[in-house]
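Colleague: Structure file query_2.pdb (PDB, C-alpha atoms) is given on the next line.
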ATOM      1  CA  MET I 674       7.939  13.867  -8.349
ATOM      2  CA  LYS I 675       7.134  10.315  -9.356
ATOM      3  CA  GLN I 676       3.716   9.198  -8.144
ATOM      4  CA  THR I 677       3.099   5.575  -7.397
ATOM      5  CA  ARG I 678      -0.223   3.824  -7.079
ATOM      6  CA  ARG I 679       0.311   3.734  -3.321
ATOM      7  CA  THR I 680       0.816   7.512  -2.984
ATOM      8  CA  VAL I 681      -2.242   8.205  -5.130
ATOM      9  CA  LEU I 682      -4.350   5.860  -2.970
ATOM     10  CA  GLN I 683      -3.002   7.431   0.218
ATOM     11  CA  MET I 684      -3.909  10.907  -0.997
ATOM     12  CA  ALA I 685      -7.368   9.767  -2.122
ATOM     13  CA  GLY I 686      -7.988   7.919   1.141
ATOM     14  CA  GLY I 687      -7.129  10.951   3.250
ATOM     15  CA  SER I 688      -9.408  13.261   1.299
ATOM     16  CA  GLY I 689     -12.175  10.636   1.340
ATOM     17  CA  LEU I 690     -11.998  10.441   5.115
ATOM     18  CA  TYR I 691     -12.137  14.223   5.279
ATOM     19  CA  ALA I 692     -15.231  14.212   3.039
ATOM     20  CA  ALA I 693     -16.857  11.582   5.269
ATOM     21  CA  LEU I 694     -16.127  13.637   8.386
ATOM     22  CA  VAL I 695     -17.601  16.736   6.728
ATOM     23  CA  GLY I 696     -20.633  14.652   5.720
ATOM     24  CA  ILE I 697     -21.340  13.485   9.256
ATOM     25  CA  GLY I 698     -20.916  16.966  10.650
ATOM     26  CA  MET I 699     -17.726  16.307  12.623
ATOM     27  CA  VAL I 700     -15.693  18.747  10.527
ATOM     28  CA  ARG I 701     -16.645  22.052   8.993
ATOM     29  CA  PRO I 702     -15.295  22.683   5.501
ATOM     30  CA  GLY I 703     -12.229  24.875   5.591
ATOM     31  CA  THR I 704     -10.786  23.554   8.862
ATOM     32  CA  ALA I 705      -7.362  21.938   8.851
ATOM     33  CA  GLU I 706      -7.612  18.223   8.122
ATOM     34  CA  ALA I 707      -4.644  17.137  10.238
ATOM     35  CA  ALA I 708      -5.872  18.913  13.370
ATOM     36  CA  THR I 709      -9.352  17.491  12.933
ATOM     37  CA  LEU I 710      -8.116  13.917  12.560
ATOM     38  CA  ALA I 711      -5.894  14.328  15.605
ATOM     39  CA  GLU I 712      -8.889  15.498  17.637
ATOM     40  CA  LEU I 713     -11.066  12.660  16.364
ATOM     41  CA  PHE I 714      -8.620   9.980  17.438
ATOM     42  CA  LYS I 715      -8.304  11.421  20.939
ATOM     43  CA  VAL I 716     -11.936  10.580  21.650
ATOM     44  CA  LYS I 717     -12.434   7.443  23.745
ATOM     45  CA  GLY I 718     -15.525   5.277  24.038
ATOM     46  CA  ILE I 719     -18.917   5.305  22.410
ATOM     47  CA  LYS I 720     -20.338   8.102  24.601
ATOM     48  CA  GLY I 721     -17.421  10.436  23.900
ATOM     49  CA  THR I 722     -17.468   9.759  20.170
ATOM     50  CA  LEU I 723     -21.233  10.328  19.979
ATOM     51  CA  ALA I 724     -20.760  13.649  21.766
ATOM     52  CA  ALA I 725     -17.969  14.653  19.354
ATOM     53  CA  MET I 726     -20.262  13.796  16.437
ATOM     54  CA  GLY I 727     -23.015  15.979  17.875
ATOM     55  CA  ALA I 728     -25.142  12.912  18.529
ATOM     56  CA  GLY I 729     -25.243  13.064  22.316
ATOM     57  CA  SER I 730     -29.031  12.646  22.357
ATOM     58  CA  ALA I 731     -29.113   9.745  19.882
ATOM     59  CA  GLY I 732     -31.803   7.241  20.739
ATOM     60  CA  GLU I 733     -31.892   3.534  20.016
ATOM     61  CA  SER I 734     -33.977   2.630  16.989
ATOM     62  CA  GLY I 735     -35.388  -0.638  15.671
ATOM     63  CA  ASP I 736     -34.935   0.761  12.161
ATOM     64  CA  VAL I 737     -31.159   0.476  12.522
ATOM     65  CA  VAL I 738     -30.156  -3.180  12.177
ATOM     66  CA  LEU I 739     -26.716  -4.236  13.418
ATOM     67  CA  ASN I 740     -25.757  -7.760  12.358
ATOM     68  CA  ALA I 741     -22.658  -9.118  14.084
ATOM     69  CA  PRO I 742     -21.697 -12.377  15.776
ATOM     70  CA  ASP I 743     -22.408 -12.786  19.487
ATOM     71  CA  ILE I 744     -18.978 -14.385  19.856
ATOM     72  CA  ALA I 745     -16.036 -13.472  17.618
ATOM     73  CA  GLU I 746     -13.559 -16.333  17.402
ATOM     74  CA  ASN I 747     -10.877 -13.978  16.088
ATOM     75  CA  GLY I 748     -10.884 -10.341  17.198
ATOM     76  CA  ALA I 749      -8.685  -9.353  14.262
ATOM     77  CA  VAL I 750     -11.528  -9.829  11.745
ATOM     78  CA  VAL I 751     -15.029  -9.357  13.131
ATOM     79  CA  PRO I 752     -17.692  -9.118  10.391
ATOM     80  CA  ILE I 753     -20.204  -6.293  10.861
ATOM     81  CA  ASN I 754     -23.228  -5.370   8.753
ATOM     82  CA  VAL I 755     -25.372  -2.280   9.346
ATOM     83  CA  THR I 756     -28.630  -1.608   7.539
ATOM     84  CA  SER I 757     -30.745   1.495   8.009
ATOM     85  CA  LYS I 758     -34.455   1.402   7.209
ATOM     86  CA  ILE I 759     -34.751   5.106   8.054
ATOM     87  CA  PRO I 760     -35.638   7.252   5.013
ATOM     88  CA  ASN I 761     -33.013   9.757   3.826
ATOM     89  CA  THR I 762     -30.112   8.097   5.650
ATOM     90  CA  GLU I 763     -27.069  10.347   5.278
ATOM     91  CA  MET I 764     -24.355   8.489   7.189
ATOM     92  CA  ILE I 765     -23.563   5.190   8.894
ATOM     93  CA  ALA I 766     -20.729   4.842  11.443
ATOM     94  CA  VAL I 767     -19.493   1.888  13.488
ATOM     95  CA  LEU I 768     -18.066   2.462  16.977
ATOM     96  CA  VAL I 769     -16.267  -0.020  19.267
ATOM     97  CA  ASP I 770     -16.372   1.045  22.920
ATOM     98  CA  LYS I 771     -13.166  -0.539  24.269
ATOM     99  CA  ASN I 772     -10.921  -0.035  21.229
ATOM    100  CA  PRO I 773      -8.204   2.628  21.577
ATOM    101  CA  ASN I 774     -10.063   4.635  18.882
ATOM    102  CA  ALA I 775     -13.792   4.052  19.111
ATOM    103  CA  LEU I 776     -14.552   5.069  15.517
ATOM    104  CA  ALA I 777     -14.004   1.983  13.336
ATOM    105  CA  GLY I 778     -15.545   3.415  10.163
ATOM    106  CA  ALA I 779     -17.862   6.113   8.819
ATOM    107  CA  PHE I 780     -19.664   5.985   5.498
ATOM    108  CA  GLU I 781     -21.528   8.760   3.712
ATOM    109  CA  ILE I 782     -24.690   7.461   2.020
ATOM    110  CA  MET I 783     -25.627   9.187  -1.216
ATOM    111  CA  PRO I 784     -29.288  10.212  -1.721
ATOM    112  CA  GLY I 785     -31.328   7.328  -3.134
ATOM    113  CA  ALA I 786     -28.658   4.723  -2.298
ATOM    114  CA  LEU I 787     -29.346   1.598  -0.257
ATOM    115  CA  ALA I 788     -28.216   2.285   3.319
ATOM    116  CA  ASP I 789     -26.372  -1.000   3.851
ATOM    117  CA  VAL I 790     -22.726  -1.221   4.947
ATOM    118  CA  SER I 791     -20.570  -4.285   5.570
ATOM    119  CA  MET I 792     -17.060  -4.247   6.974
ATOM    120  CA  ARG I 793     -14.634  -6.186   9.117
ATOM    121  CA  ILE I 794     -13.397  -4.542  12.280
ATOM    122  CA  LYS I 795     -10.618  -5.282  14.732
ATOM    123  CA  MET I 796     -11.538  -5.653  18.376
ATOM    124  CA  GLY I 797      -8.972  -5.835  21.142
ATOM    125  CA  GLN I 798     -11.380  -7.323  23.689
ATOM    126  CA  SER I 799     -15.020  -8.053  24.343
ATOM    127  CA  SER I 800     -16.935  -4.809  23.984
ATOM    128  CA  ASP I 801     -20.121  -3.039  23.000
ATOM    129  CA  VAL I 802     -20.353  -2.160  19.318
ATOM    130  CA  ALA I 803     -22.653   0.626  18.166
ATOM    131  CA  ALA I 804     -24.033   1.419  14.740
ATOM    132  CA  VAL I 805     -24.788   5.138  14.397
ATOM    133  CA  VAL I 806     -27.066   6.422  11.646
ATOM    134  CA  LYS I 807     -27.617  10.049  10.737
ATOM    135  CA  ALA I 808     -30.868  10.728   8.892
ATOM    136  CA  GLY I 809     -32.718  14.016   8.524
ATOM    137  CA  GLY I 810     -30.244  15.733  10.855
ATOM    138  CA  LYS I 811     -31.024  13.297  13.708
ATOM    139  CA  PHE I 812     -28.940  10.420  15.029
ATOM    140  CA  TYR I 813     -30.089   6.869  15.755
ATOM    141  CA  VAL I 814     -28.156   4.039  17.404
ATOM    142  CA  ALA I 815     -28.221   0.249  17.603
ATOM    143  CA  LYS I 816     -25.893  -1.528  20.059
ATOM    144  CA  LYS I 817     -24.690  -5.074  20.535
ATOM    145  CA  GLU I 818     -22.176  -6.707  22.863
ATOM    146  CA  ILE I 819     -19.617  -8.887  21.103
ATOM    147  CA  LYS I 820     -17.436 -11.305  23.043
ATOM    148  CA  VAL I 821     -13.927 -11.812  21.656
ATOM    149  CA  THR I 822     -12.275 -15.179  22.378
ATOM    150  CA  LEU I 823      -8.927 -14.855  20.534
ATOM    151  CA  GLY I 824      -6.603 -12.392  18.863
ATOM    152  CA  GLY I 825      -7.397  -8.798  18.156
ATOM    153  CA  CYS I 826      -5.305  -6.312  20.085
ATOM    154  CA  GLY I 827      -4.910  -8.441  23.187
ATOM    155  CA  GLY I 828      -7.679 -11.071  23.465
TER     156      GLY I 828
END
Now that the file is in, can you turn its structure into structure tokens?
Modeller:
Amino acid sequence: MKQTRRTVLQMAGGSGLYAALVGIGMVRPGTAEAATLAELFKVKGIKGTLAAMGAGSAGESGDVVLNAPDIAENGAVVPINVTSKIPNTEMIAVLVDKNPNALAGAFEIMPGALADVSMRIKMGQSSDVAAVVKAGGKFYVAKKEIKVTLGGCGG
């Protein structure tokens, strides 16, 4: 079978997502990847996703800094930056409450690495955005409401 760059990247991306889900405790090693991803994308809203992550009792923390615009002129590309000042940060995730799939991204932070993540997310409408940090087996959250004025999944 001839492998192209695209197929190699697709295979690497799928296994990377699986590793991230294992890292944040959403998946136990040895479970079927396809079933786990299907379950993950069935979860709606920030509360439901936090519960699925095992972070139902996550409290807001001033040590989690969520930088995002108050008003996004284009919902298709909303810049987000999350920085964790909590020692031993293991994972950073970004959740969008009113998106069809709340989980926009999850990043495993290696020991000793700077816990700083930047990404662009797509937002279908004005919504709360939450940054979730896992450190020392506990979860911490920072939230911000972002108003979308154009584009995205339906403006």
Colleague: In terms of the shortest atom-to-atom distance over all atoms listed in the file, which of I:Lys717, I:Lys807, I:Lys758, I:Lys771 is closest to Gly732 in chain I?
Modeller: I:Lys807
Colleague: With only C-alpha atoms as the atoms that count, which of I:Glu746, I:Glu781, I:Glu763, I:Glu733 lies nearest to Lys795 in chain I?
Modeller: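 Among the listed residues, I:Glu746 lies closest to Lys795 in chain I.
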Colleague: Can you work out which one of I:Ser757, I:Gly810, I:Ile719, I:Ala804 has the shortest atom-to-atom distance to Ala779 in chain I, counting all atoms listed in the file?
Modeller: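 Answer, going by the shortest atom-to-atom distance: I:Ala804.
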Colleague: Using the chain letters and residue numbers of this document, give as a list in words the residues selected by the PyMOL selection byres ((chain I and resi 772) around 8).
Modeller: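 Matching residues under the PyMOL selection byres ((chain I and resi 772) around 8) are Gly718, Val769, Asp770, Lys771, Pro773, Asn774, Ala775, Met796, Gly797 and Gln798 of chain I.
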Colleague: Residues at most 10 Å from Val814 in chain I, counting all atoms listed in the file, excluding those fewer than 4 positions away in the same chain, as a ChimeraX atom specification?
Modeller: /I:723,728,730-739,765-767,803-807
Colleague: Excluding Asn754 in chain I and any residue of its chain fewer than 2 positions from it, enumerate the residues within 6 Å of it, using only C-alpha atoms, and give them as a VMD selection string.
Modeller: chain I and resid 739 to 740 790 to 791
Colleague: Each side padded by 8 Å, which centre and which edge lengths in Å (one decimal) define the axis-aligned box around the listed atoms of range 803-810 of chain I? Give them as AutoDock Vina command-line options.
Modeller:
--center_x -27.7 --center_y 8.2 --center_z 13.3 --size_x 26.1 --size_y 31.1 --size_z 25.6
Colleague: Between I:Ile794, I:Ala725, I:Leu776, I:Ala808, which one has atoms that come closest to Ala745 in chain I, using all atoms listed in the file?
Modeller: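 Checking each candidate against Ala745 in chain I, we get I:Ile794 as the closest.
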Colleague: What is the CA of Phe812 in chain I-CA of Thr722 in chain I distance in Å, reported with one decimal?
Modeller: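 Computing the Euclidean distance for CA of Phe812 in chain I and CA of Thr722 in chain I yields 12.6 Å.
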Colleague: Using only C-alpha atoms, which residue out of I:Ala749, I:Ala741, I:Met764, I:Val755 lies closest to Gly809 in chain I?
Modeller: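 Closest candidate: I:Met764.
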Colleague: Between I:Thr762, I:Thr756, I:Val716, I:Asp743, which one has atoms that come closest to Pro784 in chain I, using all atoms listed in the file?
Modeller: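 Result for the nearest residue to Pro784 in chain I: I:Thr762.
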Colleague: Between CA of Lys820 in chain I and CA of Met792 in chain I, what distance in Å does the model show, to one decimal?
Modeller: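 These atoms are spaced 17.6 Å apart.
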Colleague: Separation of CA of Pro742 in chain I and CA of Ala777 in chain I, in Å?
Modeller: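 Atom-to-atom, CA of Pro742 in chain I and CA of Ala777 in chain I are spaced 16.5 Å apart.
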Colleague: Run the PyMOL selection byres ((chain I and resi 751) around 6) on the file and write out the hits as a list in words.
Modeller: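 So the PyMOL selection byres ((chain I and resi 751) around 6), applied here, picks out Gly748, Val750, Pro752, Arg793 and Ile794 of chain I.
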Colleague: With the input short on atoms, add N, CA and C atoms back to range 795-822 of chain I and write it as a tab-separated table (two decimals), keeping the file's coordinate frame.
Modeller:
chain	number	residue	atom	x	y	z
I	795	LYS	N	-11.54	-4.66	13.79
I	795	LYS	CA	-10.62	-5.28	14.73
I	795	LYS	C	-11.05	-4.89	16.14
I	796	MET	N	-11.15	-5.90	17.00
I	796	MET	CA	-11.54	-5.65	18.38
I	796	MET	C	-10.47	-6.22	19.30
I	797	GLY	N	-10.00	-5.41	20.22
I	797	GLY	CA	-8.97	-5.84	21.14
I	797	GLY	C	-9.49	-6.70	22.27
I	798	GLN	N	-10.78	-6.56	22.59
I	798	GLN	CA	-11.38	-7.32	23.69
I	798	GLN	C	-12.89	-7.28	23.55
I	799	SER	N	-13.56	-8.06	24.36
I	799	SER	CA	-15.02	-8.05	24.34
I	799	SER	C	-15.50	-6.64	24.63
I	800	SER	N	-16.52	-6.21	23.89
I	800	SER	CA	-16.93	-4.81	23.98
I	800	SER	C	-18.31	-4.61	23.37
I	801	ASP	N	-18.90	-3.47	23.69
I	801	ASP	CA	-20.12	-3.04	23.00
I	801	ASP	C	-19.72	-2.44	21.66
I	802	VAL	N	-20.53	-2.73	20.64
I	802	VAL	CA	-20.35	-2.16	19.32
I	802	VAL	C	-21.63	-1.40	19.01
I	803	ALA	N	-21.49	-0.20	18.48
I	803	ALA	CA	-22.65	0.63	18.17
I	803	ALA	C	-22.66	1.00	16.69
I	804	ALA	N	-23.82	0.92	16.09
I	804	ALA	CA	-24.03	1.42	14.74
I	804	ALA	C	-24.77	2.74	14.88
I	805	VAL	N	-24.21	3.80	14.31
I	805	VAL	CA	-24.79	5.14	14.40
I	805	VAL	C	-25.25	5.54	13.01
I	806	VAL	N	-26.50	5.99	12.92
I	806	VAL	CA	-27.07	6.42	11.65
I	806	VAL	C	-27.50	7.87	11.78
I	807	LYS	N	-27.14	8.67	10.79
I	807	LYS	CA	-27.62	10.05	10.74
I	807	LYS	C	-28.61	10.13	9.59
I	808	ALA	N	-29.81	10.59	9.90
I	808	ALA	CA	-30.87	10.73	8.89
I	808	ALA	C	-31.72	11.94	9.25
I	809	GLY	N	-31.91	12.82	8.29
I	809	GLY	CA	-32.72	14.02	8.52
I	809	GLY	C	-32.18	14.89	9.63
I	810	GLY	N	-30.85	14.90	9.82
I	810	GLY	CA	-30.24	15.73	10.86
I	810	GLY	C	-30.32	15.14	12.25
I	811	LYS	N	-30.92	13.96	12.41
I	811	LYS	CA	-31.02	13.30	13.71
I	811	LYS	C	-30.16	12.04	13.70
I	812	PHE	N	-29.78	11.60	14.89
I	812	PHE	CA	-28.94	10.42	15.03
I	812	PHE	C	-29.72	9.29	15.69
I	813	TYR	N	-29.46	8.07	15.23
I	813	TYR	CA	-30.09	6.87	15.76
I	813	TYR	C	-29.00	5.84	16.00
I	814	VAL	N	-29.19	4.99	17.01
I	814	VAL	CA	-28.16	4.04	17.40
I	814	VAL	C	-28.75	2.65	17.59
I	815	ALA	N	-27.94	1.64	17.25
I	815	ALA	CA	-28.22	0.25	17.60
I	815	ALA	C	-26.94	-0.29	18.24
I	816	LYS	N	-27.07	-1.02	19.35
I	816	LYS	CA	-25.89	-1.53	20.06
I	816	LYS	C	-25.97	-3.04	20.21
I	817	LYS	N	-24.78	-3.64	20.31
I	817	LYS	CA	-24.69	-5.07	20.54
I	817	LYS	C	-23.37	-5.37	21.24
I	818	GLU	N	-23.41	-6.29	22.21
I	818	GLU	CA	-22.18	-6.71	22.86
I	818	GLU	C	-21.60	-7.89	22.09
I	819	ILE	N	-20.31	-7.81	21.79
I	819	ILE	CA	-19.62	-8.89	21.10
I	819	ILE	C	-18.50	-9.39	22.00
I	820	LYS	N	-18.48	-10.69	22.23
I	820	LYS	CA	-17.44	-11.30	23.04
I	820	LYS	C	-16.33	-11.80	22.12
I	821	VAL	N	-15.08	-11.41	22.45
I	821	VAL	CA	-13.93	-11.81	21.66
I	821	VAL	C	-13.20	-12.92	22.41
I	822	THR	N	-12.92	-14.05	21.71
I	822	THR	CA	-12.28	-15.18	22.38
I	822	THR	C	-10.80	-15.31	22.06
